[in-house]
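Enquirer: Data: my_file-v8.cif, mmCIF, C-alpha atoms.
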```
data_input
loop_
_atom_site.label_atom_id
_atom_site.label_comp_id
_atom_site.auth_asym_id
_atom_site.auth_seq_id
_atom_site.Cartn_x
_atom_site.Cartn_y
_atom_site.Cartn_z
CA MET Z 1 24.35 -19.70 -79.19
CA ASP Z 2 25.67 -17.60 -76.32
CA GLU Z 3 22.60 -17.41 -74.06
CA GLY Z 4 24.43 -15.04 -71.77
CA ARG Z 5 23.96 -12.28 -74.34
CA PHE Z 6 20.15 -12.39 -74.00
CA LEU Z 7 18.00 -10.98 -71.23
CA MET Z 8 14.58 -12.56 -70.72
CA GLU Z 9 11.73 -10.59 -69.12
CA VAL Z 10 8.03 -11.18 -68.59
CA LEU Z 11 5.58 -8.51 -69.70
CA HIS Z 12 2.07 -8.33 -68.27
CA VAL Z 13 -0.08 -6.57 -70.86
CA THR Z 14 -3.56 -5.31 -70.06
CA THR Z 15 -6.00 -6.06 -72.87
CA ARG Z 16 -9.73 -6.10 -73.48
CA THR Z 17 -11.57 -9.41 -73.49
CA HIS Z 18 -15.20 -10.54 -73.46
CA GLY Z 19 -16.86 -12.86 -70.97
CA ARG Z 20 -19.92 -15.03 -71.60
CA VAL Z 21 -22.85 -14.88 -69.16
CA LEU Z 22 -26.13 -16.74 -69.49
CA VAL Z 23 -29.08 -14.83 -68.00
CA ARG Z 24 -32.63 -16.05 -67.41
CA ASP Z 25 -34.88 -13.28 -66.19
CA THR Z 26 -38.38 -13.45 -64.79
CA ALA Z 27 -41.04 -10.90 -63.88
CA GLY Z 28 -40.60 -9.56 -60.35
CA PRO Z 29 -37.82 -11.91 -59.22
CA SER Z 30 -37.46 -12.49 -55.48
CA ALA Z 31 -33.71 -13.07 -55.82
CA LEU Z 32 -30.80 -12.79 -58.23
CA VAL Z 33 -28.83 -16.05 -58.13
CA VAL Z 34 -25.43 -15.87 -59.83
CA GLY Z 35 -23.60 -19.12 -60.58
CA PHE Z 36 -19.92 -19.93 -61.12
CA HIS Z 37 -19.02 -23.30 -62.66
CA GLY Z 38 -16.19 -25.68 -61.87
CA TYR Z 39 -12.99 -26.45 -63.76
CA MET Z 40 -13.48 -27.73 -67.32
CA GLU Z 41 -17.17 -26.84 -67.23
CA SER Z 42 -19.26 -24.13 -68.85
CA ALA Z 43 -21.90 -21.54 -68.01
CA ALA Z 44 -24.50 -23.88 -69.51
CA ILE Z 45 -23.61 -26.64 -67.03
CA GLN Z 46 -23.93 -24.30 -64.06
CA MET Z 47 -27.18 -22.85 -65.42
CA GLU Z 48 -28.61 -26.36 -65.56
CA ARG Z 49 -27.75 -26.78 -61.88
CA LEU Z 50 -29.39 -23.47 -61.00
CA THR Z 51 -32.60 -24.21 -62.91
CA GLY Z 52 -32.79 -27.55 -61.11
CA ILE Z 53 -33.08 -25.88 -57.70
CA ASP Z 54 -36.63 -25.88 -56.36
CA GLY Z 55 -37.99 -22.35 -56.42
CA SER Z 56 -35.67 -21.12 -59.17
CA ASP Z 57 -38.66 -20.17 -61.32
CA ARG Z 58 -39.10 -17.20 -58.96
CA TRP Z 59 -35.51 -16.00 -59.31
CA MET Z 60 -33.45 -14.21 -61.90
CA LEU Z 61 -30.59 -16.55 -62.79
CA ALA Z 62 -27.17 -15.75 -64.22
CA SER Z 63 -24.38 -18.21 -64.97
CA VAL Z 64 -20.94 -16.68 -65.47
CA GLN Z 65 -18.40 -18.48 -67.63
CA GLY Z 66 -14.69 -18.36 -66.92
CA LEU Z 67 -12.62 -16.11 -69.16
CA HIS Z 68 -10.17 -18.87 -70.11
CA ARG Z 69 -11.92 -21.10 -72.68
CA PHE Z 70 -10.62 -24.29 -74.28
CA TYR Z 71 -11.88 -27.50 -75.86
CA ARG Z 72 -12.57 -30.51 -73.67
CA GLY Z 73 -10.13 -33.14 -74.86
CA ARG Z 74 -10.43 -33.66 -78.60
CA SER Z 75 -14.12 -32.83 -78.69
CA ASP Z 76 -15.92 -29.72 -79.92
CA ALA Z 77 -17.25 -29.00 -76.42
CA VAL Z 78 -16.11 -25.57 -75.22
CA VAL Z 79 -15.34 -25.41 -71.50
CA ALA Z 80 -13.52 -22.93 -69.30
CA SER Z 81 -11.28 -22.41 -66.29
CA TRP Z 82 -11.04 -19.53 -63.84
CA MET Z 83 -7.27 -19.52 -63.45
CA THR Z 84 -4.04 -21.44 -63.08
CA ARG Z 85 -1.06 -20.89 -60.80
CA GLN Z 86 0.63 -18.73 -63.44
CA ASP Z 87 0.14 -15.01 -62.75
CA ARG Z 88 -2.46 -15.97 -60.16
CA GLU Z 89 -2.76 -12.58 -58.49
CA LEU Z 90 -3.38 -10.84 -61.81
CA MET Z 91 -6.01 -13.42 -62.78
CA ILE Z 92 -7.75 -12.88 -59.45
CA GLU Z 93 -7.91 -9.14 -60.15
CA ASP Z 94 -9.30 -9.78 -63.64
CA ASN Z 95 -11.91 -12.21 -62.37
CA ILE Z 96 -13.08 -9.90 -59.59
CA GLU Z 97 -13.49 -7.02 -62.01
CA TYR Z 98 -15.34 -9.33 -64.41
CA ALA Z 99 -17.75 -10.42 -61.66
CA ASN Z 100 -18.31 -6.80 -60.64
CA GLU Z 101 -19.10 -5.81 -64.22
CA VAL Z 102 -21.65 -8.64 -64.39
CA LEU Z 103 -23.36 -7.61 -61.15
CA ASP Z 104 -23.35 -3.92 -62.10
CA ARG Z 105 -25.09 -4.81 -65.35
CA ILE Z 106 -27.80 -7.21 -64.15
CA ALA Z 107 -28.54 -6.39 -60.49
CA LYS Z 108 -31.98 -4.99 -59.71
CA PRO Z 109 -32.94 -2.63 -56.87
CA ALA Z 110 -34.11 -4.35 -53.67
CA VAL Z 111 -33.51 -7.84 -55.09
CA PRO Z 112 -31.09 -9.83 -52.88
CA ILE Z 113 -28.07 -11.35 -54.61
CA ILE Z 114 -26.80 -14.85 -53.83
CA THR Z 115 -23.68 -16.27 -55.48
CA VAL Z 116 -23.46 -20.03 -56.06
CA GLY Z 117 -20.22 -21.85 -56.84
CA PHE Z 118 -19.27 -25.44 -57.54
CA SER Z 119 -15.71 -26.79 -57.16
CA GLN Z 120 -13.29 -24.22 -58.65
CA GLY Z 121 -16.26 -21.86 -58.94
CA VAL Z 122 -16.57 -21.69 -55.13
CA ALA Z 123 -13.55 -19.38 -54.94
CA MET Z 124 -15.21 -17.13 -57.51
CA ALA Z 125 -18.52 -17.15 -55.66
CA PHE Z 126 -16.72 -15.93 -52.53
CA ARG Z 127 -14.57 -13.39 -54.38
CA ALA Z 128 -17.59 -12.03 -56.21
CA ALA Z 129 -19.49 -11.69 -52.93
CA VAL Z 130 -16.75 -10.26 -50.72
CA CYS Z 131 -15.27 -7.92 -53.36
CA ALA Z 132 -18.54 -6.77 -54.91
CA ARG Z 133 -19.24 -3.09 -55.38
CA ILE Z 134 -22.84 -3.82 -54.39
CA ARG Z 135 -24.09 -5.87 -51.46
CA VAL Z 136 -24.33 -9.65 -51.81
CA ALA Z 137 -26.67 -11.35 -49.34
CA GLY Z 138 -25.34 -14.90 -49.30
CA VAL Z 139 -23.00 -17.52 -50.81
CA VAL Z 140 -23.67 -21.17 -51.63
CA ALA Z 141 -20.32 -23.01 -51.77
CA VAL Z 142 -20.36 -26.62 -53.00
CA GLY Z 143 -17.21 -28.73 -53.06
CA GLY Z 144 -14.60 -25.97 -52.88
CA ASP Z 145 -12.67 -23.94 -50.33
CA VAL Z 146 -12.73 -20.29 -49.37
CA PRO Z 147 -9.92 -18.36 -51.12
CA PRO Z 148 -7.13 -17.89 -48.55
CA GLU Z 149 -6.37 -14.33 -49.66
CA LEU Z 150 -9.82 -13.24 -48.46
CA PHE Z 151 -9.02 -14.38 -44.92
CA ALA Z 152 -5.80 -12.37 -45.12
CA ARG Z 153 -7.78 -9.16 -45.69
CA SER Z 154 -8.70 -7.41 -42.46
CA ASP Z 155 -11.39 -5.41 -44.26
CA ALA Z 156 -13.10 -8.44 -45.87
CA SER Z 157 -16.80 -8.65 -45.04
CA PHE Z 158 -18.30 -12.09 -45.65
CA PRO Z 159 -22.02 -12.54 -46.29
CA PRO Z 160 -23.53 -15.63 -44.65
CA PRO Z 161 -22.45 -18.75 -46.53
CA LEU Z 162 -23.78 -22.27 -46.94
CA ILE Z 163 -20.80 -24.65 -47.07
CA VAL Z 164 -21.58 -28.02 -48.68
CA ARG Z 165 -19.27 -31.02 -49.08
CA GLY Z 166 -19.75 -34.59 -50.15
CA GLU Z 167 -19.06 -37.29 -47.59
CA ARG Z 168 -16.83 -39.04 -50.15
CA ASP Z 169 -15.29 -35.88 -51.62
CA ASP Z 170 -11.53 -36.39 -51.81
CA TRP Z 171 -10.95 -32.87 -53.18
CA TYR Z 172 -12.79 -30.70 -50.67
CA THR Z 173 -11.91 -32.81 -47.67
CA ALA Z 174 -13.39 -32.78 -44.19
CA ASP Z 175 -10.19 -31.13 -42.94
CA LYS Z 176 -10.45 -28.30 -45.49
CA ALA Z 177 -14.09 -27.73 -44.58
CA LYS Z 178 -13.24 -27.71 -40.88
CA LYS Z 179 -10.56 -25.06 -41.43
CA ASP Z 180 -12.86 -22.91 -43.54
CA LEU Z 181 -15.64 -23.05 -40.98
CA ALA Z 182 -13.26 -22.21 -38.14
CA ALA Z 183 -11.84 -19.23 -40.05
CA LEU Z 184 -15.32 -17.94 -40.93
CA ARG Z 185 -16.65 -18.33 -37.41
CA ALA Z 186 -13.54 -16.61 -36.04
CA ARG Z 187 -14.77 -13.60 -37.99
CA SER Z 188 -18.25 -14.04 -36.48
CA VAL Z 189 -19.65 -15.13 -39.86
CA ASP Z 190 -22.85 -17.16 -39.49
CA ALA Z 191 -21.86 -20.13 -41.67
CA GLU Z 192 -24.13 -23.13 -42.30
CA PHE Z 193 -22.60 -26.53 -43.04
CA VAL Z 194 -24.18 -29.48 -44.84
CA VAL Z 195 -22.67 -32.87 -45.70
CA HIS Z 196 -24.35 -34.93 -48.42
CA GLN Z 197 -23.77 -38.61 -49.13
CA GLY Z 198 -22.14 -38.15 -52.53
CA GLY Z 199 -18.63 -37.27 -53.62
CA HIS Z 200 -17.29 -34.27 -55.51
CA GLU Z 201 -20.59 -33.63 -57.27
CA TRP Z 202 -23.81 -31.66 -57.34
CA THR Z 203 -26.64 -33.94 -56.20
CA ALA Z 204 -30.36 -33.63 -55.48
CA ASP Z 205 -29.47 -33.20 -51.80
CA VAL Z 206 -27.18 -30.30 -52.70
CA ALA Z 207 -29.96 -28.65 -54.70
CA ALA Z 208 -32.39 -29.08 -51.79
CA ALA Z 209 -29.94 -27.53 -49.33
CA ALA Z 210 -29.32 -24.61 -51.71
CA ALA Z 211 -33.07 -24.07 -52.17
CA ALA Z 212 -33.70 -23.91 -48.42
CA PHE Z 213 -30.77 -21.53 -47.87
CA ILE Z 214 -31.75 -19.15 -50.67
CA GLU Z 215 -35.36 -19.06 -49.52
CA ARG Z 216 -34.18 -18.13 -46.02
CA ILE Z 217 -32.15 -15.27 -47.47
CA VAL Z 218 -35.17 -14.08 -49.44
CA ALA Z 219 -37.44 -14.40 -46.41
CA HIS Z 220 -35.13 -12.18 -44.38
CA GLY Z 221 -35.67 -9.46 -46.93
CA SER Z 222 -31.98 -8.83 -47.59
CA SER Z 223 -31.40 -6.03 -50.06
CA ARG Z 224 -28.60 -3.89 -51.43
#
```
Mind converting the file's structure to structure tokens?
Expert:
Amino acid sequence: MDEGRFLMEVLHVTTRTHGRVLVRDTAGPSALVVGFHGYMESAAIQMERLTGIDGSDRWMLASVQGLHRFYRGRSDAVVASWMTRQDRELMIEDNIEYANEVLDRIAKPAVPIITVGFSQGVAMAFRAAVCARIRVAGVVAVGGDVPPELFARSDASFPPPLIVRGERDDWYTADKAKKDLAALRARSVDAEFVVHQGGHEWTADVAAAAAAFIERIVAHGSSR
């Protein structure tokens, strides 16, 4: 076959898709806490983390599942991913619009919003917060780095974050955390930093740090 006769091109086609979001409401919530799971996890896994945070019974909780679903190994367990390297910029745009649609639908007047991400979900927690159409009061980032493209934006406004890493985390290393903190503080962002004794995981110490941070946001009376 004479391959020289054929011209290959890549088409990027916009199409409609549906995301899956778990929502647990409560009467008169003091906060809306929106979670983003890690790679090869699900909204249910992140919701379990959120409900395990002390004080979560007073908050409205939402756990957003990545748009790219697949089976874990050869099991029937459905998990998801936020993106791959392929068409990364387009996936970022899709994910930001997805997060905005979620917030537009569930946000309540005068209830502060805090995004919470684990591992790959940290990037989404930051993108959702920085690129939101409505104000987000804080970000809890556990075991993942700040998306570099946000630092490249001169107009990016970061809400105060809590950065958490495990002492034995070989993915979100001490060097990565140091660079993130330096970049945030260079923008005069009031970033908190906590190191727990575990690895790349969500532990009881992580939940305790998240609880204290969220309660401080609520106490400050942040609102949209």
Enquirer: Please provide the set of residues having any atom within 10 Å of Thr51 in chain Z, restricted to only C-alpha atoms, with same-chain residues fewer than 5 positions apart removed, written as a count of residues only.
Expert: 7
Enquirer: Can you check which parts of range 99-154 of chain Z lie within 7 Å of range 37-44 of chain Z? Per residue, the shortest pair of atoms and distance in Å to one decimal, counting all atoms listed in the file, sorted by chain and number, as CSV.
Expert:
```
residue,atom,partner,partner_atom,distance
Z:Gly117,CA,Z:His37,CA,6.1
Z:Phe118,CA,Z:Gly38,CA,5.3
Z:Ser119,CA,Z:Gly38,CA,4.9
Z:Gln120,CA,Z:Gly38,CA,4.6
Z:Gly121,CA,Z:Gly38,CA,4.8
```
Enquirer: Which residues fall under the PyMOL selection byres ((chain Z and resi 132) around 9) in this file, as a list in words?
Expert: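 Applied to this file, the PyMOL selection byres ((chain Z and resi 132) around 9) returns Ile96, Glu97, Ala99, Asn100, Leu103, Arg127, Ala128, Ala129, Val130, Cys131, Arg133, Ile134, Arg135 and Val136 of chain Z.
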Enquirer: Using all atoms listed in the file, find the one residue out of Z:Gly66, Z:Pro29, Z:Pro112, Z:Gly198 that sits nearest to Val142 in chain Z.
Expert: Z:Gly198
Enquirer: Need the neighbours of (-17.3, -34.0, -57.1): which residues are at most 12 Å away, counting only C-alpha atoms, as a list in words?
Expert: Gly38, Tyr39, Phe118, Ser119, Gln120, Val142, Gly143, Gly144, Val164, Arg165, Gly166, Glu167, Arg168, Asp169, Asp170, Trp171, Tyr172, Thr173, His196, Gln197, Gly198, Gly199, His200, Glu201, Trp202, Thr203 and Val206 of chain Z
Enquirer: Write the residues of the selection above to a file with C-alpha atoms, as a tab-separated table (two decimals), keeping the file's coordinate frame.
Expert:
```tsv
chain	number	residue	atom	x	y	z
Z	38	GLY	CA	-16.19	-25.68	-61.87
Z	39	TYR	CA	-12.99	-26.45	-63.76
Z	118	PHE	CA	-19.27	-25.44	-57.54
Z	119	SER	CA	-15.71	-26.79	-57.16
Z	120	GLN	CA	-13.29	-24.22	-58.65
Z	142	VAL	CA	-20.36	-26.62	-53.00
Z	143	GLY	CA	-17.21	-28.73	-53.06
Z	144	GLY	CA	-14.60	-25.97	-52.88
Z	164	VAL	CA	-21.58	-28.02	-48.68
Z	165	ARG	CA	-19.27	-31.02	-49.08
Z	166	GLY	CA	-19.75	-34.59	-50.15
Z	167	GLU	CA	-19.06	-37.29	-47.59
Z	168	ARG	CA	-16.83	-39.04	-50.15
Z	169	ASP	CA	-15.29	-35.88	-51.62
Z	170	ASP	CA	-11.53	-36.39	-51.81
Z	171	TRP	CA	-10.95	-32.87	-53.18
Z	172	TYR	CA	-12.79	-30.70	-50.67
Z	173	THR	CA	-11.91	-32.81	-47.67
Z	196	HIS	CA	-24.35	-34.93	-48.42
Z	197	GLN	CA	-23.77	-38.61	-49.13
Z	198	GLY	CA	-22.14	-38.15	-52.53
Z	199	GLY	CA	-18.63	-37.27	-53.62
Z	200	HIS	CA	-17.29	-34.27	-55.51
Z	201	GLU	CA	-20.59	-33.63	-57.27
Z	202	TRP	CA	-23.81	-31.66	-57.34
Z	203	THR	CA	-26.64	-33.94	-56.20
Z	206	VAL	CA	-27.18	-30.30	-52.70
```
